[in-house]
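A.B. asks: The structure file my_file-v8.cif (mmCIF, C-alpha atoms) is provided below.
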data_protein
loop_
_atom_site.label_atom_id
_atom_site.label_comp_id
_atom_site.auth_asym_id
_atom_site.auth_seq_id
_atom_site.Cartn_x
_atom_site.Cartn_y
_atom_site.Cartn_z
CA MET Z 589 57.07 -1.12 -6.17
CA VAL Z 590 55.87 2.51 -6.17
CA ILE Z 591 54.42 1.94 -9.64
CA PHE Z 592 52.09 -0.75 -8.25
CA VAL Z 593 51.17 0.99 -4.94
CA LEU Z 594 50.26 4.39 -6.41
CA PRO Z 595 47.42 3.11 -8.68
CA LEU Z 596 46.00 1.04 -5.78
CA LEU Z 597 46.13 4.05 -3.48
CA LEU Z 598 44.36 6.24 -6.07
CA LEU Z 599 41.71 3.55 -6.56
CA ALA Z 600 41.10 3.36 -2.79
CA VAL Z 601 40.78 7.15 -2.50
CA ALA Z 602 38.33 7.21 -5.43
CA ALA Z 603 36.23 4.45 -3.82
CA VAL Z 604 36.06 6.30 -0.47
CA LEU Z 605 35.11 9.56 -2.18
CA GLY Z 606 32.40 7.74 -4.15
CA LEU Z 607 30.92 6.30 -0.95
CA VAL Z 608 30.95 9.68 0.80
CA ALA Z 609 29.37 11.42 -2.20
CA GLY Z 610 26.70 8.69 -2.47
CA ARG Z 611 25.61 9.25 1.14
CA GLY Z 612 24.98 12.91 0.48
CA THR Z 613 22.47 12.12 -2.29
CA GLU Z 614 20.39 9.46 -0.54
CA THR Z 615 16.84 10.49 0.25
CA THR Z 616 13.68 8.79 1.36
CA GLY Z 617 12.24 9.10 -2.11
CA GLY Z 618 15.32 9.33 -4.30
CA SER Z 619 17.35 6.58 -5.83
CA GLY Z 620 20.76 7.62 -4.49
CA ASN Z 621 21.93 8.40 -8.02
CA GLY Z 622 22.51 12.10 -7.48
CA ASN Z 623 18.98 13.12 -8.53
CA ALA Z 624 17.72 13.85 -5.02
CA GLN Z 625 13.93 14.14 -5.03
CA PRO Z 626 11.36 14.68 -2.28
CA ASP Z 627 9.43 11.67 -1.03
CA THR Z 628 6.28 11.42 -3.16
CA ARG Z 629 4.77 8.26 -1.70
CA PRO Z 630 1.11 8.53 -0.58
CA LEU Z 631 0.88 10.39 2.72
CA ALA Z 632 -1.09 9.29 5.77
CA LEU Z 633 -2.70 12.30 7.46
CA PRO Z 634 -4.37 11.94 10.84
CA PRO Z 635 -7.94 13.19 11.08
CA VAL Z 636 -8.56 16.55 12.74
CA GLU Z 637 -11.77 18.30 13.71
CA ALA Z 638 -13.04 19.80 10.48
CA PRO Z 639 -16.84 20.05 10.64
CA ASP Z 640 -17.12 21.90 7.31
CA ALA Z 641 -14.61 19.78 5.37
CA GLY Z 642 -17.29 18.19 3.17
CA THR Z 643 -19.04 21.43 2.26
CA PRO Z 644 -19.11 22.84 -1.29
CA PRO Z 645 -16.55 25.60 -0.52
CA CYS Z 646 -13.96 23.02 0.58
CA THR Z 647 -14.76 20.68 -2.30
CA GLN Z 648 -14.40 23.55 -4.78
CA LEU Z 649 -11.13 24.71 -3.23
CA LEU Z 650 -9.58 21.23 -3.22
CA ALA Z 651 -10.43 20.86 -6.91
CA ALA Z 652 -8.80 24.23 -7.68
CA LEU Z 653 -5.51 23.58 -5.88
CA PRO Z 654 -2.46 23.27 -8.14
CA PRO Z 655 -0.55 20.04 -8.80
CA THR Z 656 2.69 21.68 -7.63
CA LEU Z 657 3.67 24.47 -5.27
CA PRO Z 658 6.66 26.71 -5.95
CA ALA Z 659 9.23 26.53 -3.18
CA SER Z 660 12.90 26.95 -2.54
CA PRO Z 661 14.89 25.07 -3.82
CA GLY Z 662 12.32 23.63 -6.27
CA PRO Z 663 8.67 22.82 -6.94
CA LEU Z 664 6.80 20.49 -4.60
CA PRO Z 665 4.44 17.93 -6.20
CA ARG Z 666 0.98 17.29 -4.77
CA LEU Z 667 0.77 14.02 -2.87
CA ALA Z 668 -1.87 11.35 -2.93
CA LEU Z 669 -3.34 10.81 0.53
CA ARG Z 670 -3.39 7.33 1.98
CA SER Z 671 -6.84 5.88 2.57
CA PRO Z 672 -8.81 6.68 4.59
CA ALA Z 673 -7.95 10.25 3.67
CA PRO Z 674 -9.48 12.94 5.88
CA ALA Z 675 -12.02 15.15 4.15
CA GLY Z 676 -10.88 18.65 3.27
CA ALA Z 677 -7.17 17.83 3.21
CA ALA Z 678 -4.42 18.18 0.62
CA ALA Z 679 -0.63 17.85 0.84
CA TRP Z 680 2.47 18.49 -1.22
CA ALA Z 681 5.86 16.84 -0.84
CA GLY Z 682 8.09 18.62 1.62
CA PRO Z 683 11.78 19.28 1.33
CA ILE Z 684 14.03 16.25 1.17
CA GLY Z 685 13.88 14.57 4.56
CA GLY Z 686 11.35 17.13 5.83
CA ASP Z 687 7.67 17.52 6.52
CA PRO Z 688 5.11 18.07 3.77
CA VAL Z 689 3.07 21.19 3.10
CA VAL Z 690 -0.45 20.45 4.40
CA LEU Z 691 -3.74 22.21 3.75
CA ARG Z 692 -6.84 21.55 5.89
CA CYS Z 693 -10.20 23.03 4.90
CA GLY Z 694 -13.38 23.27 6.96
CA LEU Z 695 -11.76 23.81 10.36
CA PRO Z 696 -13.59 25.30 13.33
CA ARG Z 697 -13.05 28.96 14.18
CA PRO Z 698 -9.57 29.23 15.75
CA ALA Z 699 -9.59 30.22 19.43
CA GLU Z 700 -6.70 32.60 18.67
CA LEU Z 701 -8.91 34.68 16.38
CA THR Z 702 -10.18 37.71 18.28
CA PRO Z 703 -11.42 41.16 17.20
CA THR Z 704 -7.90 42.50 17.81
CA SER Z 705 -5.93 39.69 16.12
CA ALA Z 706 -3.18 40.86 13.81
CA LEU Z 707 -3.85 39.52 10.32
CA ILE Z 708 -1.61 39.47 7.29
CA VAL Z 709 -2.94 39.78 3.76
CA ILE Z 710 -1.28 37.59 1.16
CA ASN Z 711 -2.52 37.94 -2.44
CA GLY Z 712 -5.88 39.24 -1.28
CA VAL Z 713 -6.55 36.66 1.47
CA SER Z 714 -6.51 37.55 5.19
CA TRP Z 715 -4.51 35.04 7.24
CA LEU Z 716 -4.04 34.57 10.97
CA ASP Z 717 -0.39 33.63 11.54
CA LEU Z 718 0.06 30.81 14.09
CA SER Z 719 3.67 30.04 13.20
CA GLN Z 720 6.04 28.02 15.34
CA PRO Z 721 9.84 27.82 15.21
CA ASP Z 722 9.90 24.89 12.75
CA ARG Z 723 6.88 25.72 10.57
CA ASP Z 724 4.59 28.49 9.42
CA THR Z 725 0.86 27.91 9.87
CA PHE Z 726 -1.60 30.36 8.36
CA ILE Z 727 -5.37 30.23 8.80
CA ALA Z 728 -7.57 31.98 6.23
CA VAL Z 729 -10.19 33.87 8.21
CA ASP Z 730 -12.06 35.91 5.60
CA ARG Z 731 -13.73 33.13 3.59
CA PRO Z 732 -16.94 31.09 4.10
CA VAL Z 733 -14.85 28.30 5.70
CA TYR Z 734 -11.70 28.37 7.80
CA LEU Z 735 -8.69 26.70 6.25
CA ALA Z 736 -5.11 26.28 7.35
CA VAL Z 737 -1.92 25.81 5.39
CA THR Z 738 1.20 24.62 7.21
CA VAL Z 739 4.56 25.10 5.52
CA PRO Z 740 7.89 23.83 6.91
CA ARG Z 741 10.40 26.64 7.45
CA GLY Z 742 12.90 27.30 4.70
CA LEU Z 743 10.61 26.83 1.69
CA GLY Z 744 10.00 30.53 1.11
CA THR Z 745 6.68 32.27 0.52
CA GLY Z 746 5.73 30.50 -2.72
CA PRO Z 747 3.49 27.83 -1.17
CA VAL Z 748 1.26 30.24 0.79
CA GLN Z 749 1.14 32.72 -2.10
CA THR Z 750 0.00 30.02 -4.51
CA VAL Z 751 -2.60 28.68 -2.07
CA SER Z 752 -3.79 32.27 -1.54
CA ASP Z 753 -4.30 32.62 -5.30
CA ALA Z 754 -6.45 29.46 -5.36
CA VAL Z 755 -8.43 30.61 -2.30
CA ARG Z 756 -9.03 34.06 -3.78
CA ALA Z 757 -10.12 32.59 -7.13
CA THR Z 758 -12.42 29.97 -5.60
CA LEU Z 759 -13.93 31.33 -2.39
CA ASN Z 760 -15.63 34.71 -2.04
CA ALA Z 761 -14.38 36.96 0.75
CA ARG Z 762 -16.78 37.58 3.60
#
Kindly present the structure from the file in structure tokens form.
C.D. replies:
Amino acid sequence: MVIFVLPLLLLAVAAVLGLVAGRGTETTGGSGNGNAQPDTRPLALPPVEAPDAGTPPCTQLLAALPPTLPASPGPLPRLALRSPAPAGAAAWAGPIGGDPVVLRCGLPRPAELTPTSALIVINGVSWLDLSQPDRDTFIAVDRPVYLAVTVPRGLGTGPVQTVSDAVRATLNAR
């Protein structure tokens, strides 16, 4: 009797462990096969006030942005934006189950920017830090247009450093 029960018990334990392990790998964009990937479906972004979004500086910057951003734990691919896409916007897949990295170009001057605002310089670009507990938002304030990049917490500094490189290479400081 024990000879028959033991294999059945082992089979049941293996099935339960397989179900539990499968739940840990499911994602919104993955296939549940253990290769967890960020959701790369086209992203719908709501419009925001961006009066300079269609200007040449924003157009040039958007063309110069990289197809991926380095992040922890891995690179984030650039996302297509669902139509109608707002002018001056770009996005990259966020962490699994999380928000994407979003760039908006051509924004109005931020009200938080004053002559005494503390700025941080990242790879040669001056940014106003408007971070919140769940995300870091940086606004470039030393270029011909204002632009913001919002990065969910936990991705490291790679996304804003890479965007800074593109900004520095594309838009002259003012």
A.B. asks: Taking (7.0, 32.4, -1.2) in the coordinates of the supplied file, I want to know which residues reach to within 12 Å of it, counting all atoms listed in the file; could you give the answer as a ChimeraX atom specification?
C.D. replies: /Z:657-663,710-711,724,739-752
A.B. asks: Using the chain letters and numbering of this document, enumerate as a CSV table (one decimal) with C-alpha atoms, keeping the file's coordinate frame the residues selected by the PyMOL selection byres ((chain Z and resi 634-649) around 10).
C.D. replies:
chain,number,residue,atom,x,y,z
Z,631,LEU,CA,0.9,10.4,2.7
Z,632,ALA,CA,-1.1,9.3,5.8
Z,633,LEU,CA,-2.7,12.3,7.5
Z,650,LEU,CA,-9.6,21.2,-3.2
Z,651,ALA,CA,-10.4,20.9,-6.9
Z,652,ALA,CA,-8.8,24.2,-7.7
Z,653,LEU,CA,-5.5,23.6,-5.9
Z,672,PRO,CA,-8.8,6.7,4.6
Z,673,ALA,CA,-8.0,10.2,3.7
Z,674,PRO,CA,-9.5,12.9,5.9
Z,675,ALA,CA,-12.0,15.2,4.2
Z,676,GLY,CA,-10.9,18.6,3.3
Z,677,ALA,CA,-7.2,17.8,3.2
Z,692,ARG,CA,-6.8,21.6,5.9
Z,693,CYS,CA,-10.2,23.0,4.9
Z,694,GLY,CA,-13.4,23.3,7.0
Z,695,LEU,CA,-11.8,23.8,10.4
Z,696,PRO,CA,-13.6,25.3,13.3
Z,697,ARG,CA,-13.0,29.0,14.2
Z,731,ARG,CA,-13.7,33.1,3.6
Z,732,PRO,CA,-16.9,31.1,4.1
Z,733,VAL,CA,-14.8,28.3,5.7
Z,734,TYR,CA,-11.7,28.4,7.8
Z,735,LEU,CA,-8.7,26.7,6.2
Z,751,VAL,CA,-2.6,28.7,-2.1
Z,754,ALA,CA,-6.4,29.5,-5.4
Z,755,VAL,CA,-8.4,30.6,-2.3
Z,756,ARG,CA,-9.0,34.1,-3.8
Z,757,ALA,CA,-10.1,32.6,-7.1
Z,758,THR,CA,-12.4,30.0,-5.6
Z,759,LEU,CA,-13.9,31.3,-2.4
Z,760,ASN,CA,-15.6,34.7,-2.0
A.B. asks: Between Z:Ala679, Z:Trp715, Z:Pro654, Z:Pro721, single out the one closest to Glu700 of chain Z, counting only C-alpha atoms.
C.D. replies: Z:Trp715
A.B. asks: To one decimal in Å, tell me the separation between atom CA of Thr702 of chain Z and atom CA of Asp722 of chain Z.
C.D. replies: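 Going from atom CA of Thr702 of chain Z over to atom CA of Asp722 of chain Z, I get 24.5 Å.
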A.B. asks: Atom CA of Gly685 of chain Z and atom CA of Thr656 of chain Z, how far apart in Å?
C.D. replies: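 Separation of atom CA of Thr656 of chain Z and atom CA of Gly685 of chain Z: 18.0 Å.
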A.B. asks: Hey, can you check how far atom CA of Ala681 of chain Z sits from atom CA of Ile727 of chain Z?
C.D. replies: 20.0 Å
A.B. asks: Residue by residue, what does the PyMOL selection byres ((chain Z and resi 737) around 6) grab here? Present the result as an MDAnalysis selection string.
C.D. replies: chainID Z and resid 690:691 725:726 736 738
A.B. asks: Within 8 Å of (-1.6, 36.4, 16.9), in the coordinates the file gives, what residues turn up when you count only C-alpha atoms, written out as a PyMOL selection string?
C.D. replies: chain Z and resi 700-701+705-707+716-718
A.B. asks: Compare Z:Ser671, Z:Arg762, Z:Val729, Z:Pro626 by their minimum atom-to-atom distance to Pro703 of chain Z, counting all atoms listed in the file, and give me the closest one.
C.D. replies: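 Going through Z:Ser671, Z:Arg762, Z:Val729, Z:Pro626 one by one, the smallest distance to Pro703 of chain Z is for Z:Val729.
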A.B. asks: Just checking: using only C-alpha atoms, which residue out of Z:Pro698, Z:Pro683, Z:Pro688, Z:Gly712 ends up closest to Arg666 of chain Z?
C.D. replies: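 Looking only at the distances to Arg666 of chain Z, the closest residue turns out to be Z:Pro688.
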